[in-house]
Each structure stands twice: as structure tokens, then as C-alpha cells.
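Structure record follows, encoded as C-alpha cells.
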Amino acid sequence: MAGPMEQFAIQRLVPLSVAGHDVSFTNSALWMIVALILVSAFLFIGTAKPQLVPNRAQAAVEYMYDFVRKMADENIGHGGGRAFVPLLFSLFIFVLGCNLLGLLPWVGAFTPTSHVAVTLGLALMVFVLVCVVGFVKHGLHFFSLFWPKDTFLPLAMFVACIEFLSFLSRPFTLAIRLFANMTAGHVLLKVFATFIVTLGSFGALPYVFGVLPLAVNIALSALEVLIAVVQAYVFALLASIYLNDAVNLH
Amino acid sequence: MDPHSARVIGAGLAAMGAGLAAIGVGNIFGQYLSGALRNPEADAKMGGRLIFGFAVTEALGLIAAVVALALAFS
């Protein structure tokens with residue numbers, strides 16, 4: 001019988017190989033493409049016939065765009081946010097789509113962002129962008145980000161080392177936060193699902209005791225939808241905060 | 001002690017970190033609620049910071065949970 005961790009197994013759907021390297025089309029890639037198609041459909045339908053007084057689809061797209069634009073403007077000070085809105089919007093809506101798709105029942109859904117490979121790829125992209133933007137804009141003065149101002153010199157050197165290490169740990173905490181939330185949530189859903197079957201197959205009184213874990217599972221599914229949205233928002237929010245560090249060296 | 005038993009005991013010890021993170025998360029929401037009680041106008045402004053503080057605290061608890069899961073299931 002399958003355990004709670006089997007839902008995260010990668011299956012090769014179309015085995016491909018390039019120069020000895022395995023580049024198969026996996027279920028992870030398939031569900032990322034499904035997320036991309038759904039996001040594109042949402043955006044195309046919303047902006048198909050733009051009117052001054054928006055209809056429902058257009059209002060939804062405008063709400064999401066305003067949300068990301070306001071987040072960029074608030075967190076990246078001095079007007080630097082406008083240049084990064086496309087990246088932040090793409091990150092937010094792609095991570096949101098990937099997180100939410102894993103919650104679909106019956107279709108054998110897979111959460112692409114429950115693998116640290118996917119989330120580390122996204123987090124490293126943000127980190128490399130932060131470094132590139134920082135060095136292009138400020139040159140070597142970028143390293144003044146780690147130096148605390150007006151402090152006693154030995155203490156400042158110590159704090160600078162700690163700040164530098166915490167800066168290097170940013171892509172990893174960003175990746176682990178997203179993948180751990182998705183993995184732990186989905187494992188919890190599967191574990192309660194096994195409780196439903198175990199308690200519901202009580203011989204003398206079938207189905208009755210299975211109702212309680214079912215109710216808990218319904219509540220947990222609602223919580224997982226909330227966590228999916230919150231984690232996508234926090235990923236984009238942290239990306240904008242790190243970009244603010246690069247653009248306006250606090 | 002054979003490796004499998006050690007692994008399962010380690011998983012149980014690691015999962016205690018999730019309980020400690022729960023104290024931190026409760027602290028965040030408790031401070032937000034007492035602040036919203038004293039100054040209801042700041043409620044809308046601080047909502048975004050609440051979600052952010054919750055997520056970074058929750059991440060630490062989930063790191064402990066993932067270590068426990070990794071030990072328990074392999």
C-alpha cells in the first residue's frame with residue numbers, strides 16, 4: 001500500500017536523453033506546463049476586450065496586477081519597483097498556480113513546487129538577479145550593505161560577517177520555506193485520508209467513525225488553499241525586499 | 001542500537017522543533033491582536049507584515065518537520 005510520500009515521486013512520462021544526460025519529460029514538467037496554460041488563459045481572457053468599466057474577468061486580472069504593483073512600490077523604495085513588476089508578477093502567479101494545482105483531487109495532481117529542485121531554481125534566479133542588479137548599479141560599493149553604520153569597529157566586523165552569511169543563506173531559506181510548506185501540507189492531507197479509511201472500516205459500525213477524520217480533512221484542505229496563496233505572496237514579497245536591498249542599499 | 005531505530009527516534013526528536021515554532025507563531029498573532037485592540041486604524045497597514053512574519057516563523061517550524069519526515073520515511 002502506498003505511503004504518504006509516494007505522491008512526490010517523479011515519473012518519466014516521455015523518456016528523452018541528450019548526450020547521455022536524462023532530460024525526460026516528467027510529471028513535474030507536465031504540471032508546470034498545465035499551470036502555465038491556466039495562468040495564460042486567465043490573463044488572455046481577462047484582457048481580451050478591455051473596457052473602462054471592467055467586467056468580472058478583467059477586474060480579477062486588474063486586482064492581481066494592482067496587488068503586485070502595490071507590493072513592488074511599497075517594498076522597493078524611490079520608484080525602483082516599476083522595473084521589477086513583470087518579474088514579481090510572473091513569480092507570484094506561477095508559484096500560485098503550481099501550489100494550487102497540487103490540491104486538485106482525482107486527476108493525480110502533482111505539486112511542482114513541492115520539490116526543492118524547482119523552488120531552489122526559482123530562489124537562485126532571484127538571488128543571482130539581486131547580486132547582478134547590486135553590482136551593476138553600485139559596483140563594489142554593494143558590499144557596504146553588510147557594514148553597520150556608526151558602530152564600534154570590532155563589533156562592526158563581527159556583525160558584517162554575520163550579515164554576509166545571512167545574505168548567502170537567503171536563496172536557501174526562500175527555497176526551503178516554499179517546498180517544506182507544500183510537502184508538509186500534502187503529507188498531512190494524505191495521513192488524515194488514511195485515518196478515514198482505517199476508522200471507517202470498523203467492522204461492527206462501518207463509516208460512522210470515518211466522518212470525523214473526513215471533517216478534519218476538509219478543514220485541512222481549506223487551510224492548504226490558504227497556505228498555497230500565502231506562500232506565493234511571501235515568495236514574491238521576499239523577492240521584492242531582497243531587490244530593495246540591492247537597488248537602494250537600505 | 002540498529003540504524004532504523006536510531007532514525008525513528010531522531011525523527012521524533014526533530015519533530016519537537018515544530019512545537020517550539022508554534023510558540024513563535026502564536027506570539028506573532030497575539031502581538032498583532034493586542035496591537036489591533038489598542039489601535040484599530042493600524043489594522044489595515046499591518047496586515048501585510050502579519051502574513052510576512054507568520055511565514056518566516058512558520059518556515060523554521062517546517063524545516064524541523066521536514067527533517068523529521070526525511071528521517072522517518074527513508
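Following the order of the C-alpha cells, chains are lettered A, B, ..., residues in each are numbered from 1, and ligands are numbered from 1.
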Contact residues around region 194-202 of chain A with only C-alpha atoms at 12 Å, ignoring same-chain residues under 3 positions, as a PyMOL selection string: chain A and resi 1-4+187-191+205-218
Expected answer as a PyMOL selection string: chain B residues within 8 Å of chain A, only C-alpha atoms: chain B and resi 51-52+55-56+59-60+62-63+65-66+73
Please, could you write that set of residues out with C-alpha atoms as a PDB file, in the first residue's frame?
```pdb
ATOM      1  CA  ILE B  51       1.424  37.489   6.925  1.00  0.00           C
ATOM      2  CA  PHE B  52       5.133  38.028   6.299  1.00  0.00           C
ATOM      3  CA  ALA B  55       5.511  32.898   7.017  1.00  0.00           C
ATOM      4  CA  VAL B  56       9.124  33.386   8.122  1.00  0.00           C
ATOM      5  CA  ALA B  59       9.380  28.255   7.816  1.00  0.00           C
ATOM      6  CA  LEU B  60      11.584  27.383  10.785  1.00  0.00           C
ATOM      7  CA  LEU B  62       8.582  23.388   8.818  1.00  0.00           C
ATOM      8  CA  ILE B  63      12.333  22.899   8.474  1.00  0.00           C
ATOM      9  CA  ALA B  65       9.122  18.932  10.330  1.00  0.00           C
ATOM     10  CA  VAL B  66      10.851  18.149   7.029  1.00  0.00           C
ATOM     11  CA  PHE B  73      10.449   7.834   5.752  1.00  0.00           C
TER      12      PHE B  73
END
```
Polymer residues at most 8 Å from Trp147 (chain A), only C-alpha atoms, same-chain spacing of 4 or more positions, as a ChimeraX atom specification: /A:143,156-157,159-160
Pull N, CA and C atoms from the residues just selected and write them as a PDB file, in the first residue's frame.
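Here's the written file selection26.pdb:
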```pdb
ATOM      1  N   PHE A 143      29.062  46.059  -1.311  1.00  0.00           N
ATOM      2  CA  PHE A 143      29.424  45.388  -0.073  1.00  0.00           C
ATOM      3  C   PHE A 143      29.182  46.240   1.155  1.00  0.00           C
ATOM      4  N   ALA A 156      31.559  45.854  14.662  1.00  0.00           N
ATOM      5  CA  ALA A 156      31.083  46.015  13.294  1.00  0.00           C
ATOM      6  C   ALA A 156      31.634  44.920  12.395  1.00  0.00           C
ATOM      7  N   MET A 157      32.903  44.523  12.611  1.00  0.00           N
ATOM      8  CA  MET A 157      33.466  43.458  11.774  1.00  0.00           C
ATOM      9  C   MET A 157      32.729  42.150  12.022  1.00  0.00           C
ATOM     10  N   VAL A 159      29.620  41.807  13.136  1.00  0.00           N
ATOM     11  CA  VAL A 159      28.270  41.892  12.583  1.00  0.00           C
ATOM     12  C   VAL A 159      28.299  41.767  11.069  1.00  0.00           C
ATOM     13  N   ALA A 160      29.358  42.319  10.424  1.00  0.00           N
ATOM     14  CA  ALA A 160      29.449  42.231   8.969  1.00  0.00           C
ATOM     15  C   ALA A 160      29.561  40.779   8.517  1.00  0.00           C
TER      16      ALA A 160
END
```
Region 35-103 of chain A: residues DSSP assigns to alpha helix (DSSP H), reported as number ranges by chain: A: 35-46, 56-75, 85-101
Write a file of the just-selected residues containing C-alpha atoms, as an mmCIF file, in the first residue's frame.
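Heads up, here's the output in part_24.cif:
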```
data_model
loop_
_atom_site.group_PDB
_atom_site.id
_atom_site.type_symbol
_atom_site.label_atom_id
_atom_site.label_comp_id
_atom_site.auth_asym_id
_atom_site.auth_seq_id
_atom_site.Cartn_x
_atom_site.Cartn_y
_atom_site.Cartn_z
ATOM 1 C CA ALA A 35 -0.056 25.802 -14.578
ATOM 2 C CA LEU A 36 1.395 27.946 -17.372
ATOM 3 C CA ILE A 37 -1.581 27.227 -19.664
ATOM 4 C CA LEU A 38 -4.106 28.065 -16.935
ATOM 5 C CA VAL A 39 -2.321 31.278 -16.000
ATOM 6 C CA SER A 40 -2.074 32.321 -19.654
ATOM 7 C CA ALA A 41 -5.754 31.542 -20.238
ATOM 8 C CA PHE A 42 -6.708 33.585 -17.165
ATOM 9 C CA LEU A 43 -4.679 36.563 -18.349
ATOM 10 C CA PHE A 44 -5.785 36.350 -22.006
ATOM 11 C CA ILE A 45 -9.473 36.066 -21.158
ATOM 12 C CA GLY A 46 -9.189 38.867 -18.637
ATOM 13 C CA ARG A 56 -15.500 40.260 -13.901
ATOM 14 C CA ALA A 57 -12.508 38.602 -15.587
ATOM 15 C CA GLN A 58 -10.835 41.916 -16.305
ATOM 16 C CA ALA A 59 -11.464 43.059 -12.719
ATOM 17 C CA ALA A 60 -9.799 39.896 -11.417
ATOM 18 C CA VAL A 61 -6.702 40.418 -13.579
ATOM 19 C CA GLU A 62 -6.566 44.104 -12.625
ATOM 20 C CA TYR A 63 -6.857 43.208 -8.932
ATOM 21 C CA MET A 64 -3.934 40.834 -9.158
ATOM 22 C CA TYR A 65 -1.801 43.280 -11.132
ATOM 23 C CA ASP A 66 -2.557 46.125 -8.699
ATOM 24 C CA PHE A 67 -1.719 43.852 -5.793
ATOM 25 C CA VAL A 68 1.727 43.038 -7.200
ATOM 26 C CA ARG A 69 2.365 46.627 -8.320
ATOM 27 C CA LYS A 70 1.486 47.997 -4.865
ATOM 28 C CA MET A 71 3.729 45.403 -3.220
ATOM 29 C CA ALA A 72 6.617 46.390 -5.531
ATOM 30 C CA ASP A 73 6.062 50.115 -4.968
ATOM 31 C CA GLU A 74 5.895 49.788 -1.196
ATOM 32 C CA ASN A 75 8.882 47.497 -0.770
ATOM 33 C CA VAL A 85 6.855 44.363 -11.571
ATOM 34 C CA PRO A 86 6.877 41.900 -14.533
ATOM 35 C CA LEU A 87 9.320 39.594 -12.736
ATOM 36 C CA LEU A 88 7.451 39.780 -9.422
ATOM 37 C CA PHE A 89 4.106 39.223 -11.131
ATOM 38 C CA SER A 90 5.455 36.201 -13.031
ATOM 39 C CA LEU A 91 6.958 34.698 -9.879
ATOM 40 C CA PHE A 92 3.804 35.286 -7.867
ATOM 41 C CA ILE A 93 1.317 33.901 -10.362
ATOM 42 C CA PHE A 94 3.488 30.942 -11.420
ATOM 43 C CA VAL A 95 4.159 29.857 -7.818
ATOM 44 C CA LEU A 96 0.458 30.396 -7.008
ATOM 45 C CA GLY A 97 -0.609 28.234 -9.963
ATOM 46 C CA CYS A 98 1.862 25.458 -9.122
ATOM 47 C CA ASN A 99 0.873 25.467 -5.430
ATOM 48 C CA LEU A 100 -2.853 25.365 -6.122
ATOM 49 C CA LEU A 101 -2.706 22.682 -8.821
#
```
Within 12 Å of region 125-141 of chain A using only C-alpha atoms, minus same-chain residues under 2 positions, as JSON, numbers by chain: {"A": [80, 83, 84, 87, 88, 90, 91, 118, 119, 120, 121, 122, 123, 143, 144, 145, 146, 147, 167, 168, 169, 170, 171, 172, 173, 174, 175, 235, 236, 237, 238, 239, 240, 241, 242, 243, 244, 245, 246, 247, 248, 249, 250]}
Could you write those residues out with C-alpha atoms, as a CSV table (one decimal), in the first residue's frame?
```
chain,number,residue,atom,x,y,z
A,80,GLY,CA,12.6,51.4,-8.4
A,83,ALA,CA,11.1,48.0,-13.4
A,84,PHE,CA,10.6,44.7,-11.5
A,87,LEU,CA,9.3,39.6,-12.7
A,88,LEU,CA,7.5,39.8,-9.4
A,90,SER,CA,5.5,36.2,-13.0
A,91,LEU,CA,7.0,34.7,-9.9
A,118,VAL,CA,12.1,23.6,-8.5
A,119,THR,CA,12.0,26.0,-5.6
A,120,LEU,CA,15.8,26.3,-5.4
A,121,GLY,CA,15.8,27.1,-9.1
A,122,LEU,CA,13.4,29.9,-8.6
A,123,ALA,CA,15.1,31.2,-5.5
A,143,PHE,CA,29.4,45.4,-0.1
A,144,SER,CA,28.6,48.4,2.2
A,145,LEU,CA,25.2,46.6,2.5
A,146,PHE,CA,26.8,44.4,5.2
A,147,TRP,CA,28.6,47.1,7.2
A,167,PHE,CA,22.8,37.1,2.9
A,168,LEU,CA,24.2,33.9,1.5
A,169,SER,CA,21.5,31.8,3.2
A,170,ARG,CA,18.7,33.8,1.5
A,171,PRO,CA,18.1,31.6,-1.6
A,172,PHE,CA,18.1,28.5,0.6
A,173,THR,CA,15.6,29.8,3.2
A,174,LEU,CA,13.4,31.1,0.3
A,175,ALA,CA,13.5,27.6,-1.4
A,235,PHE,CA,7.8,34.4,-2.1
A,236,ALA,CA,7.1,37.4,-4.2
A,237,LEU,CA,7.3,39.7,-1.1
A,238,LEU,CA,10.7,38.4,-0.1
A,239,ALA,CA,11.9,38.7,-3.6
A,240,SER,CA,10.9,42.4,-3.6
A,241,ILE,CA,12.5,43.0,-0.2
A,242,TYR,CA,15.8,41.5,-1.5
A,243,LEU,CA,15.6,43.6,-4.6
A,244,ASN,CA,15.2,46.7,-2.4
A,245,ASP,CA,18.4,45.7,-0.6
A,246,ALA,CA,20.2,45.6,-4.0
A,247,VAL,CA,18.6,48.7,-5.5
A,248,ASN,CA,18.6,51.1,-2.5
A,249,LEU,CA,21.4,49.7,-0.2
A,250,HIS,CA,18.9,50.3,2.7
```
Neighbour list for Ser24 (chain A) as an NGL selection string, cut-off 10 Å, only C-alpha atoms, skip fewer than 3 positions in-chain: :A and (11-18 or 21 or 27 or 29)
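Near region 10-26 of chain B, within a cut-off of 8 Å and counting only C-alpha atoms, sit the residues B:Phe54, B:Thr57, B:Glu58, B:Leu60, B:Gly61, B:Leu62, B:Ala64, B:Ala65, B:Val67, B:Ala68, B:Leu69, B:Ala70, B:Leu71, B:Ala72, with same-chain residues fewer than 5 positions away left out.
For region 7-249 of chain A, backbone-based DSSP labels the following residues as strand (DSSP E or B): Arg12, Leu13, Val14, Ser17, Val18, His21, Asp22, Phe25 and Thr26 of chain A.
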